[in-house]
Structures are given as C-alpha cells and as structure tokens.
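File shown: data-v1.txt. Contents: compact mmCIF, C-alpha atoms.
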```
# COMPACT_ATOMS: atom_id res chain seq x y z
CA MET A 1 70.85 109.66 7.61
CA ALA A 2 70.60 106.12 6.26
CA SER A 3 72.08 103.33 8.34
CA GLY A 4 74.82 101.10 6.96
CA GLN A 5 72.33 98.35 6.22
CA GLN A 6 69.91 100.79 4.60
CA ALA A 7 72.70 101.92 2.31
CA ARG A 8 73.51 98.32 1.48
CA ALA A 9 69.86 97.65 0.71
CA GLN A 10 69.81 100.53 -1.76
CA ALA A 11 73.13 99.61 -3.36
CA ALA A 12 72.23 95.93 -3.66
CA ALA A 13 68.75 96.45 -5.09
CA ILE A 14 68.16 93.96 -7.89
CA THR A 15 67.39 95.56 -11.24
CA PRO A 16 64.91 93.37 -13.15
CA GLY A 17 65.61 92.96 -16.84
CA ARG A 18 68.99 94.64 -16.74
CA ARG A 19 72.36 92.94 -16.96
CA SER A 20 74.46 95.80 -15.61
CA SER A 21 74.15 98.98 -13.60
CA GLU A 22 74.50 102.43 -15.14
CA ALA A 23 77.97 102.71 -13.66
CA GLU A 24 79.00 99.42 -15.28
CA ALA A 25 77.52 100.55 -18.59
CA LYS A 26 79.56 103.75 -18.44
CA ALA A 27 82.68 101.80 -17.58
CA GLU A 28 82.02 99.47 -20.48
CA ALA A 29 81.77 102.43 -22.80
CA GLY A 30 84.89 104.00 -21.33
CA VAL A 31 82.99 107.11 -20.17
CA GLY A 32 84.56 108.65 -17.07
CA ALA A 33 85.90 105.25 -16.04
CA ALA A 34 88.87 104.94 -13.72
CA SER A 35 90.86 101.73 -13.64
CA PRO A 36 90.60 99.54 -10.52
CA ALA A 37 94.18 100.45 -9.59
CA GLU A 38 93.36 104.15 -9.87
CA ARG A 39 90.27 103.71 -7.71
CA VAL A 40 92.33 101.95 -5.05
CA ARG A 41 95.03 104.62 -5.12
CA ALA A 42 92.29 107.24 -4.74
CA LEU A 43 91.44 105.69 -1.37
CA PHE A 44 95.02 106.26 -0.24
CA GLY A 45 95.52 109.70 -1.79
CA GLY A 46 95.97 112.68 0.48
CA HIS A 47 96.94 110.60 3.51
CA ARG A 48 100.33 110.63 5.20
CA LEU A 49 101.37 107.00 5.45
CA SER A 50 104.16 105.45 7.45
CA PRO A 51 106.63 103.13 5.67
CA ALA A 52 104.70 100.07 6.93
CA GLN A 53 101.42 101.60 5.77
CA ARG A 54 102.88 102.34 2.34
CA ARG A 55 103.83 98.67 2.07
CA ILE A 56 100.26 97.70 2.86
CA ALA A 57 98.91 100.18 0.31
CA GLN A 58 101.29 98.90 -2.37
CA PHE A 59 100.35 95.28 -1.70
CA LEU A 60 96.64 96.09 -1.91
CA THR A 61 97.20 97.88 -5.21
CA ASP A 62 99.41 95.19 -6.73
CA HIS A 63 97.34 92.21 -5.56
CA LEU A 64 93.87 93.74 -5.44
CA THR A 65 91.76 90.79 -6.59
CA GLU A 66 93.28 88.56 -3.92
CA ALA A 67 94.02 91.06 -1.15
CA ALA A 68 90.48 92.46 -0.98
CA PHE A 69 89.24 89.11 0.34
CA LEU A 70 92.01 88.31 2.82
CA SER A 71 91.43 88.29 6.55
CA ILE A 72 93.42 90.78 8.58
CA THR A 73 95.69 87.95 9.72
CA GLU A 74 96.37 86.82 6.16
CA LEU A 75 97.01 90.36 4.93
CA ALA A 76 99.44 91.09 7.76
CA GLU A 77 101.33 87.87 7.02
CA ARG A 78 101.52 88.57 3.28
CA VAL A 79 102.81 92.12 3.76
CA GLY A 80 105.07 91.25 6.69
CA VAL A 81 103.55 93.67 9.19
CA SER A 82 101.64 93.28 12.44
CA GLN A 83 97.86 93.02 12.60
CA PRO A 84 97.62 96.28 14.61
CA SER A 85 99.52 97.97 11.77
CA VAL A 86 96.77 96.91 9.35
CA THR A 87 94.12 98.24 11.73
CA ARG A 88 95.93 101.56 12.10
CA PHE A 89 96.32 101.75 8.32
CA ALA A 90 92.56 101.38 7.81
CA SER A 91 91.86 103.97 10.52
CA SER A 92 94.30 106.44 8.98
CA LEU A 93 92.24 106.30 5.78
CA GLY A 94 89.08 107.19 7.68
CA PHE A 95 87.58 103.70 7.97
CA SER A 96 86.18 102.33 11.22
CA GLY A 97 88.52 99.36 10.91
CA TYR A 98 89.93 96.82 8.48
CA PRO A 99 86.55 95.16 7.76
CA ALA A 100 85.20 98.51 6.52
CA LEU A 101 88.24 99.02 4.30
CA ARG A 102 87.93 95.49 2.93
CA GLU A 103 84.26 96.08 2.15
CA ALA A 104 85.23 99.18 0.18
CA LEU A 105 87.93 97.29 -1.74
CA GLN A 106 85.86 94.24 -2.67
CA PRO A 107 83.61 95.82 -5.34
CA ILE A 108 86.71 97.38 -6.91
CA ALA A 109 88.39 93.97 -6.93
CA LEU A 110 85.35 92.35 -8.48
CA SER A 111 85.24 95.03 -11.17
CA ALA A 112 88.89 94.24 -11.92
CA VAL A 113 88.03 90.56 -12.33
CA ALA A 114 85.05 91.43 -14.50
CA GLY A 115 87.21 93.58 -16.76
CA ALA A 116 90.00 91.02 -17.17
CA PRO A 117 90.89 90.03 -20.76
CA GLY A 118 88.87 87.09 -21.99
CA GLU A 119 86.07 87.68 -19.50
CA GLY A 120 84.20 90.40 -21.33
CA GLU A 121 80.83 88.80 -20.75
CA GLU A 122 81.37 89.05 -17.00
CA ARG A 123 81.27 92.82 -17.23
CA HIS A 124 77.52 92.43 -17.56
CA ARG A 125 77.04 90.91 -14.12
CA ASN A 126 73.86 91.81 -12.33
CA GLU A 127 73.65 92.37 -8.58
CA LEU A 128 72.96 88.74 -7.76
CA GLN A 129 75.87 87.56 -9.87
CA SER A 130 78.12 90.07 -8.12
CA ALA A 131 77.07 88.64 -4.76
CA ILE A 132 77.90 85.14 -5.98
CA ASP A 133 81.28 86.34 -7.24
CA ALA A 134 82.05 87.73 -3.79
CA GLU A 135 81.16 84.41 -2.19
CA ILE A 136 83.38 82.59 -4.67
CA GLU A 137 86.23 84.80 -3.49
CA ASN A 138 85.39 83.97 0.14
CA LEU A 139 85.47 80.27 -0.67
CA THR A 140 88.74 80.69 -2.54
CA ALA A 141 90.27 82.39 0.50
CA LEU A 142 88.98 79.61 2.76
CA ARG A 143 90.44 77.03 0.40
CA ARG A 144 93.86 78.62 0.81
CA VAL A 145 93.52 78.58 4.59
CA LEU A 146 92.54 74.90 4.59
CA ALA A 147 95.54 73.89 2.50
CA ASP A 148 96.85 72.75 5.87
CA PRO A 149 93.86 71.00 7.52
CA ASP A 150 95.63 70.15 10.79
CA ARG A 151 93.83 72.78 12.89
CA VAL A 152 90.43 71.61 11.66
CA VAL A 153 91.37 67.98 12.34
CA ASP A 154 92.55 68.88 15.85
CA ILE A 155 89.44 70.86 16.78
CA GLY A 156 87.21 68.14 15.34
CA ARG A 157 88.89 65.66 17.65
CA GLU A 158 88.42 67.93 20.68
CA LEU A 159 84.76 68.64 19.93
CA ALA A 160 84.08 64.95 19.39
CA ARG A 161 85.52 64.18 22.83
CA SER A 162 83.47 66.83 24.60
CA VAL A 163 80.35 65.19 26.00
CA PRO A 164 78.16 67.18 26.10
CA LEU A 165 79.14 69.53 23.30
CA THR A 166 77.59 73.00 23.45
CA VAL A 167 76.99 75.00 20.27
CA VAL A 168 76.34 78.75 20.61
CA GLY A 169 74.79 81.10 18.07
CA LEU A 170 72.86 84.26 18.89
CA ARG A 171 70.87 86.62 16.68
CA ILE A 172 71.87 86.22 13.00
CA SER A 173 74.23 83.36 13.90
CA VAL A 174 71.40 81.14 15.16
CA SER A 175 70.97 79.52 11.74
CA LEU A 176 74.60 78.41 11.56
CA ALA A 177 74.49 77.04 15.11
CA GLU A 178 71.27 75.14 14.43
CA TYR A 179 72.68 73.64 11.22
CA PHE A 180 75.85 72.51 12.95
CA ALA A 181 73.98 71.06 15.93
CA TYR A 182 71.44 69.27 13.71
CA ALA A 183 74.21 67.48 11.83
CA ALA A 184 76.43 66.93 14.88
CA ARG A 185 73.64 65.07 16.68
CA ARG A 186 73.88 62.36 14.03
CA ILE A 187 77.44 61.52 15.08
CA HIS A 188 77.71 62.83 18.68
CA PRO A 189 75.77 61.53 21.70
CA ASP A 190 74.97 64.85 23.40
CA VAL A 191 74.82 68.17 21.54
CA ARG A 192 73.22 71.18 23.20
CA VAL A 193 72.38 74.45 21.48
CA VAL A 194 72.38 77.90 23.09
CA THR A 195 70.53 80.53 21.06
CA ARG A 196 69.61 82.93 23.87
CA GLY A 197 71.91 85.06 25.95
CA GLY A 198 71.76 86.20 29.57
CA SER A 199 71.08 83.92 32.50
CA VAL A 200 69.55 81.26 30.23
CA ALA A 201 72.87 80.86 28.41
CA PHE A 202 74.86 80.88 31.67
CA ASP A 203 72.64 78.16 33.13
CA ALA A 204 73.09 75.97 30.02
CA LEU A 205 76.86 76.44 30.07
CA LEU A 206 77.10 75.61 33.76
CA GLN A 207 75.03 72.45 33.31
CA ALA A 208 77.16 71.39 30.35
CA ARG A 209 80.36 71.81 32.35
CA GLU A 210 78.97 69.92 35.35
CA ALA A 211 77.87 67.12 33.02
CA GLY A 212 81.47 66.71 31.83
CA GLY A 213 81.58 68.97 28.79
CA THR A 214 84.92 70.55 27.91
CA TRP A 215 84.29 72.58 24.73
CA VAL A 216 81.90 75.13 23.27
CA LEU A 217 81.67 75.89 19.55
CA ALA A 218 80.45 79.47 19.04
CA PHE A 219 79.38 81.24 15.85
CA ALA A 220 79.73 85.03 15.62
CA MET A 221 78.75 86.61 12.33
CA PRO A 222 78.35 90.37 11.81
CA ARG A 223 76.93 92.37 13.33
CA HIS A 224 78.76 90.98 16.34
CA ALA A 225 76.48 90.98 19.35
CA LYS A 226 77.61 92.03 22.81
CA GLU A 227 75.57 89.07 24.07
CA THR A 228 77.86 86.70 22.19
CA LEU A 229 80.93 88.16 23.88
CA ALA A 230 79.21 87.77 27.25
CA VAL A 231 78.38 84.12 26.53
CA VAL A 232 81.94 83.36 25.41
CA ARG A 233 83.28 84.93 28.60
CA ALA A 234 80.76 83.01 30.67
CA ALA A 235 81.84 79.75 29.04
CA ARG A 236 85.45 80.44 29.87
CA GLY A 237 84.38 81.44 33.36
CA VAL A 238 82.84 78.05 34.13
CA GLY A 239 85.85 76.17 32.77
CA LEU A 240 84.83 75.44 29.19
CA ARG A 241 87.15 76.03 26.25
CA VAL A 242 85.79 77.95 23.27
CA ALA A 243 86.27 77.42 19.54
CA LEU A 244 84.96 80.40 17.57
CA ILE A 245 83.87 80.57 13.93
CA THR A 246 83.72 84.19 12.83
CA ASP A 247 84.54 86.52 9.98
CA LEU A 248 87.19 88.37 11.98
CA ALA A 249 90.31 87.15 13.72
CA LEU A 250 90.83 90.21 15.89
CA GLY A 251 88.71 92.04 18.44
CA PRO A 252 87.36 91.07 21.85
CA LEU A 253 85.65 87.92 20.62
CA GLY A 254 88.84 86.55 19.12
CA GLU A 255 90.81 87.48 22.21
CA GLU A 256 88.45 85.52 24.48
CA ALA A 257 88.31 82.32 22.39
CA ASP A 258 90.80 79.47 22.68
CA GLU A 259 90.66 78.68 18.96
CA VAL A 260 89.50 81.03 16.19
CA PHE A 261 88.53 79.99 12.66
CA THR A 262 87.73 82.71 10.15
CA ALA A 263 85.58 82.59 7.03
CA GLY A 264 84.44 85.59 5.04
CA THR A 265 80.78 86.50 4.78
CA GLY A 266 79.04 87.74 1.65
CA SER A 267 78.20 91.41 2.11
CA ARG A 268 77.06 92.44 -1.37
CA LEU A 269 73.33 92.23 -0.60
CA VAL A 270 71.25 93.80 2.15
CA PHE A 271 71.66 90.69 4.33
CA ASP A 272 74.90 88.76 4.60
CA SER A 273 75.31 85.30 3.10
CA TYR A 274 77.38 82.51 4.63
CA ALA A 275 78.78 80.17 1.99
CA ALA A 276 82.29 80.03 3.48
CA PRO A 277 81.22 79.66 7.15
CA GLY A 278 78.88 76.89 6.03
CA VAL A 279 81.66 74.99 4.26
CA LEU A 280 83.98 75.50 7.24
CA SER A 281 81.26 74.12 9.54
CA ALA A 282 80.84 71.07 7.32
CA GLY A 283 84.60 70.55 7.39
CA ILE A 284 84.65 70.57 11.19
CA LEU A 285 81.73 68.13 11.23
CA GLN A 286 83.72 65.85 8.95
CA ALA A 287 86.69 66.09 11.32
CA MET A 288 84.42 65.15 14.23
CA ALA A 289 83.13 62.15 12.31
CA ASP A 290 86.68 61.06 11.46
CA ALA A 291 87.81 61.42 15.08
CA ASP A 292 85.71 58.45 16.21
CA PRO A 293 84.79 56.40 13.13
CA GLU A 294 83.26 53.51 15.04
CA ARG A 295 80.92 55.78 17.00
CA THR A 296 80.10 57.67 13.81
CA GLN A 297 79.22 54.50 11.92
CA THR A 298 77.13 53.11 14.75
CA ARG A 299 75.14 56.31 15.23
CA LEU A 300 74.55 56.83 11.51
CA GLU A 301 73.30 53.25 11.14
CA LYS A 302 70.92 53.68 14.07
CA TYR A 303 69.61 56.90 12.61
CA GLU A 304 68.98 55.31 9.24
CA GLN A 305 67.10 52.48 10.94
CA ALA A 306 64.95 55.00 12.83
CA ALA A 307 64.35 57.02 9.68
CA GLU A 308 63.18 53.94 7.83
CA GLN A 309 61.06 52.68 10.71
CA HIS A 310 59.26 56.00 11.17
CA ASP A 311 59.20 56.91 7.47
CA PHE A 312 60.92 60.29 7.88
CA PHE A 313 61.68 61.01 4.25
CA LEU A 314 60.10 61.03 0.83
CA ASP A 315 61.27 58.51 -1.75
CA ASP A 316 63.37 60.46 -4.25
```

Could you express the structure from this file as structure tokens?
Amino acid sequence: MASGQQARAQAAAITPGRRSSEAEAKAEAGVGAASPAERVRALFGGHRLSPAQRRIAQFLTDHLTEAAFLSITELAERVGVSQPSVTRFASSLGFSGYPALREALQPIALSAVAGAPGEGEERHRNELQSAIDAEIENLTALRRVLADPDRVVDIGRELARSVPLTVVGLRISVSLAEYFAYAARRIHPDVRVVTRGGSVAFDALLQAREAGGTWVLAFAMPRHAKETLAVVRAARGVGLRVALITDLALGPLGEEADEVFTAGTGSRLVFDSYAAPGVLSAGILQAMADADPERTQTRLEKYEQAAEQHDFFLDD
C-alpha cells in the first residue's frame, strides 16, 4: 500500500506539455462533472452529524474557497464552535484529523476558484500552477491573521531581548531555522541554532539558559517530529519560554509552547512548500529589528563594512 507521500508524489506528478489533467478536461467539457459544492456535500453524506457539526459542514459548503485554507482556530471562531468540535467533526467523517480534512477540501476549493466566471483560462492550470494557487491561499490566510500585528510585534520584542536567542528546527524544519538564524545574526548579538535532537539539543538549551537566554523560537513543519516535541519540553524544563511557528495550532506541540504562530504549508506537490511560514518569519525578523532600532542600525552598518572589506558579494 502506498504511503501518504507516495500518493502525493503520484497525484502531483507534473505532466509536460499539458495544461490540464484528464479530470480537468472532463470537467471543462461537462462530462461526469460534479460541482464543488456537490463534491463537498459528498464528503458529509451518510454521516450522522450533531447540530454543531452540521453548522461546520454548512459553513464549509457555503464558504469553501476561504474555509478550506483556514486553521482549525480560525474555522472554530468563524463557525462559533470549539476547536475540539472541529476535530471531532473531521474524525466523524473518517479523517485522521482536521489537517487531513482540510487537505481533502483544498483541491475542491481550488477547482471552484478555477471555475469562477471570468476566470476561464484558470481552468487550464497545470500541477505547478495549482501548487502556486494553494500557496497564494496560504498567504491570503496569513494576511488576514496579521491584520492585527500586535502579537508579532510583541514576540519580536521578546526575542530581541533574549541574549542568547536559540532557534530550533529539526528534520524538514532545519531550512526555516537556518534562514531565520542567518538573518537574525545581522541584528542580534548572539543567535544559536539547534538542528539536532537528543542530548545535543538539551546541552545547547541548558547553555543558552545559563548564559542568560530567555526565549527559544522553534519551527515545526509537517511531518511533526517527536524529537521536536522533546526539544520544546526540554526548553521549558530548563526555564526557557518557547515561541512556535507551525502549521497547526492544536496538538501536543501547541500545548507545550508559550506562543504559537500558524502559517499554512503548501501540500500540493510531493514535498511541502513554505511560502507563508517564510513570510511570517520575515515579519518576526522585522519586529525584532524594530524593537531595538539603534542596535539594528549599528549591527547592519558593521556588517556592511565587513562585507565591503572582505569583498563578500558580486557587483550586481
């Protein structure tokens, strides 16, 4: 039996020289094509739903193109139910959890957008364009969340004050942690990166706390590693506070962190893409820079002097 990622690899395979899949071609011709609303209702059909679950189902049907890209927290708030109610709703439909339900809804939502009046040419999207469309939706959802930037400003201030600042990213999340740390070192005097779990991570966290550090910024992208949960718990255990950037607000990782920031990941291709987490990271870096403008200016000037002295970069 193919694994989930194997199935994604097959489904996301890029078709050279073709602008649409056979299924899209059939839909375009009106052959055996169900509307997006009908496809969504088919997911709910045959299941006994509680009144709260029926409200969730109705919201997903009525607001498909937006709802399919909401976090569990956002969906619960929009419908007016609890987050556990959303989880139970997804489970009652046979999904492992809300993320699995959302992943099933997203291609239906994108097909609805593609079939909207005035956007006929978008019905010919290829697989790469579909992946970009999904990331645009993730960025749109993040934009709504950041309409009130106070939480990002506050965490930027806290991370800027933490000397040293520890950045954690294991497995697939290493790239995000390395990006953040690389940029943060330009404006922060002591940034340490943890990309390995176990005793190595615990030792680094303990040293950071003894050196005066107060915060850890952790990245946790799917698939969520048990090692990451262990590192977050270890950080809390030695007295460090944890800010977490992840795609999910609930679960053990979210429960252990002091602050949780969510950003959707692109899941249309065999490997996830991280446009929204990358923008969120850049926003937090900006908030760190703004928290201490004099230090930021001084450090950036020194870096530019070093770059010029040692001829780091090509002349563009």

Selection near stretch 136-139 of chain A, 9 Å with all atoms listed in the file, sequence-local residues under 3 positions removed, as a ChimeraX atom specification
/A:65-66,69-70,131-133,142-144,263-266,275-277,279

May I have the residues from that selection written out with C-alpha atoms, as an mmCIF file, keeping the file's coordinate frame?
```
data_model
loop_
_atom_site.group_PDB
_atom_site.id
_atom_site.type_symbol
_atom_site.label_atom_id
_atom_site.label_comp_id
_atom_site.auth_asym_id
_atom_site.auth_seq_id
_atom_site.Cartn_x
_atom_site.Cartn_y
_atom_site.Cartn_z
ATOM 1 C CA THR A 65 91.760 90.790 -6.590
ATOM 2 C CA GLU A 66 93.280 88.560 -3.920
ATOM 3 C CA PHE A 69 89.240 89.110 0.340
ATOM 4 C CA LEU A 70 92.010 88.310 2.820
ATOM 5 C CA ALA A 131 77.070 88.640 -4.760
ATOM 6 C CA ILE A 132 77.900 85.140 -5.980
ATOM 7 C CA ASP A 133 81.280 86.340 -7.240
ATOM 8 C CA LEU A 142 88.980 79.610 2.760
ATOM 9 C CA ARG A 143 90.440 77.030 0.400
ATOM 10 C CA ARG A 144 93.860 78.620 0.810
ATOM 11 C CA ALA A 263 85.580 82.590 7.030
ATOM 12 C CA GLY A 264 84.440 85.590 5.040
ATOM 13 C CA THR A 265 80.780 86.500 4.780
ATOM 14 C CA GLY A 266 79.040 87.740 1.650
ATOM 15 C CA ALA A 275 78.780 80.170 1.990
ATOM 16 C CA ALA A 276 82.290 80.030 3.480
ATOM 17 C CA PRO A 277 81.220 79.660 7.150
ATOM 18 C CA VAL A 279 81.660 74.990 4.260
#
```

re atom CA of A:Gln53 and atom CA of A:Ser82: distance 10.7 Å

Using all atoms listed in the file, which of A:Ile245, A:Leu229, A:Leu217, A:Val81 sits nearest A:Glu158?
A:Leu217

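What separates atom CA of A:Ala211 from atom CA of A:Glu178 is a distance of 21.3 Å.
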
May I ask which of the residues A:Arg161, A:Ala307, A:Glu255, A:Thr214 is the closest one to A:Ala289, counting all atoms listed in the file?
A:Arg161

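Distances here use only C-alpha atoms; by that measure, the residue among A:Ala76, A:Val242, A:Ala104, A:Leu159 closest to A:Arg39 is A:Ala104.
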
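One finds atom CA of A:Thr262 at 21.1 Å from atom CA of A:Phe95.
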
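Within the 6 Å cut-off around A:Leu105, using only C-alpha atoms and omitting residues fewer than 3 positions from it on the same chain, the listed residues are Ala68, Arg102 and Ile108 of chain A.
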
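The closest residue to A:Gly239, picked from A:Glu210, A:Glu74, A:Glu135, A:Asp190 and counting only C-alpha atoms, is A:Glu210.
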
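Among the candidates A:Ala287, A:Thr246, A:Gly237, A:Gly251, the residue lying nearest to A:Gly97 is A:Gly251 (atoms considered: only C-alpha atoms).
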
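Of the residues listed (A:Phe180, A:Gly169, A:Tyr98, A:Gln106), A:Tyr98 shows the shortest atom-to-atom separation from A:Pro84; distances use all atoms listed in the file.
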
Just want the 9 Å neighbourhood of A:Phe59, counted on all atoms listed in the file, with same-chain residues fewer than 6 positions away dropped. Output as a PyMOL selection string.
chain A and resi 67+75+78-79

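Protein and nucleic acid residues near (95.9, 107.6, 9.5) are Phe44, His47, Arg48, Leu49, Ser50, Gln53, Thr87, Arg88, Phe89, Ala90, Ser91, Ser92, Leu93, Gly94 and Phe95 of chain A, the criterion being any atom at most 10 Å away using only C-alpha atoms.
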
Restore N, CA and C atoms in stretch 59-91 of chain A and list the result as a short mmCIF file (atom, residue, chain, number, x, y, z; two decimals), in the coordinates of the input.
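Final output, result04.cif:
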```
data_model
loop_
_atom_site.label_atom_id
_atom_site.label_comp_id
_atom_site.auth_asym_id
_atom_site.auth_seq_id
_atom_site.Cartn_x
_atom_site.Cartn_y
_atom_site.Cartn_z
N PHE A 59 100.80 96.67 -1.54
CA PHE A 59 100.35 95.28 -1.70
C PHE A 59 98.89 95.24 -2.14
N LEU A 60 98.05 96.07 -1.53
CA LEU A 60 96.64 96.09 -1.91
C LEU A 60 96.47 96.50 -3.37
N THR A 61 97.28 97.43 -3.82
CA THR A 61 97.20 97.88 -5.21
C THR A 61 97.68 96.80 -6.18
N ASP A 62 98.80 96.17 -5.83
CA ASP A 62 99.41 95.19 -6.73
C ASP A 62 98.68 93.85 -6.76
N HIS A 63 98.00 93.51 -5.67
CA HIS A 63 97.34 92.21 -5.56
C HIS A 63 95.86 92.38 -5.20
N LEU A 64 95.21 93.33 -5.83
CA LEU A 64 93.87 93.74 -5.44
C LEU A 64 92.87 92.60 -5.41
N THR A 65 92.81 91.81 -6.49
CA THR A 65 91.76 90.79 -6.59
C THR A 65 91.88 89.70 -5.53
N GLU A 66 93.09 89.51 -5.01
CA GLU A 66 93.28 88.56 -3.92
C GLU A 66 93.19 89.26 -2.57
N ALA A 67 93.87 90.40 -2.45
CA ALA A 67 94.02 91.06 -1.15
C ALA A 67 92.69 91.54 -0.59
N ALA A 68 91.75 91.91 -1.45
CA ALA A 68 90.48 92.46 -0.98
C ALA A 68 89.64 91.43 -0.23
N PHE A 69 90.03 90.16 -0.31
CA PHE A 69 89.24 89.11 0.34
C PHE A 69 90.04 88.38 1.43
N LEU A 70 91.21 88.92 1.77
CA LEU A 70 92.01 88.31 2.82
C LEU A 70 91.53 88.76 4.19
N SER A 71 91.67 87.88 5.17
CA SER A 71 91.43 88.29 6.55
C SER A 71 92.56 89.21 6.99
N ILE A 72 92.38 89.88 8.10
CA ILE A 72 93.42 90.78 8.58
C ILE A 72 94.69 90.01 8.92
N THR A 73 94.53 88.78 9.41
CA THR A 73 95.69 87.95 9.72
C THR A 73 96.46 87.59 8.46
N GLU A 74 95.73 87.19 7.42
CA GLU A 74 96.37 86.82 6.16
C GLU A 74 97.06 88.00 5.51
N LEU A 75 96.41 89.18 5.53
CA LEU A 75 97.01 90.36 4.93
C LEU A 75 98.29 90.75 5.65
N ALA A 76 98.25 90.74 6.98
CA ALA A 76 99.44 91.09 7.76
C ALA A 76 100.59 90.15 7.44
N GLU A 77 100.29 88.85 7.33
CA GLU A 77 101.33 87.87 7.02
C GLU A 77 101.91 88.09 5.63
N ARG A 78 101.04 88.39 4.65
CA ARG A 78 101.52 88.57 3.28
C ARG A 78 102.42 89.80 3.17
N VAL A 79 102.04 90.87 3.86
CA VAL A 79 102.81 92.12 3.76
C VAL A 79 104.04 92.08 4.66
N GLY A 80 103.96 91.29 5.75
CA GLY A 80 105.07 91.25 6.69
C GLY A 80 104.99 92.33 7.74
N VAL A 81 103.76 92.68 8.13
CA VAL A 81 103.55 93.67 9.19
C VAL A 81 102.68 93.05 10.27
N SER A 82 102.49 93.77 11.37
CA SER A 82 101.64 93.28 12.44
C SER A 82 100.17 93.54 12.13
N GLN A 83 99.29 92.79 12.78
CA GLN A 83 97.86 93.02 12.60
C GLN A 83 97.44 94.41 13.08
N PRO A 84 97.96 94.90 14.22
CA PRO A 84 97.62 96.28 14.61
C PRO A 84 98.03 97.31 13.57
N SER A 85 99.12 97.04 12.82
CA SER A 85 99.52 97.97 11.77
C SER A 85 98.46 98.05 10.68
N VAL A 86 97.85 96.91 10.36
CA VAL A 86 96.77 96.91 9.35
C VAL A 86 95.57 97.70 9.87
N THR A 87 95.24 97.51 11.14
CA THR A 87 94.12 98.24 11.73
C THR A 87 94.39 99.74 11.71
N ARG A 88 95.59 100.14 12.10
CA ARG A 88 95.93 101.56 12.10
C ARG A 88 95.92 102.13 10.68
N PHE A 89 96.34 101.33 9.72
CA PHE A 89 96.32 101.75 8.32
C PHE A 89 94.89 102.07 7.89
N ALA A 90 93.96 101.16 8.19
CA ALA A 90 92.56 101.38 7.81
C ALA A 90 92.01 102.63 8.51
N SER A 91 92.35 102.80 9.77
CA SER A 91 91.86 103.97 10.52
C SER A 91 92.42 105.27 9.96
#
```
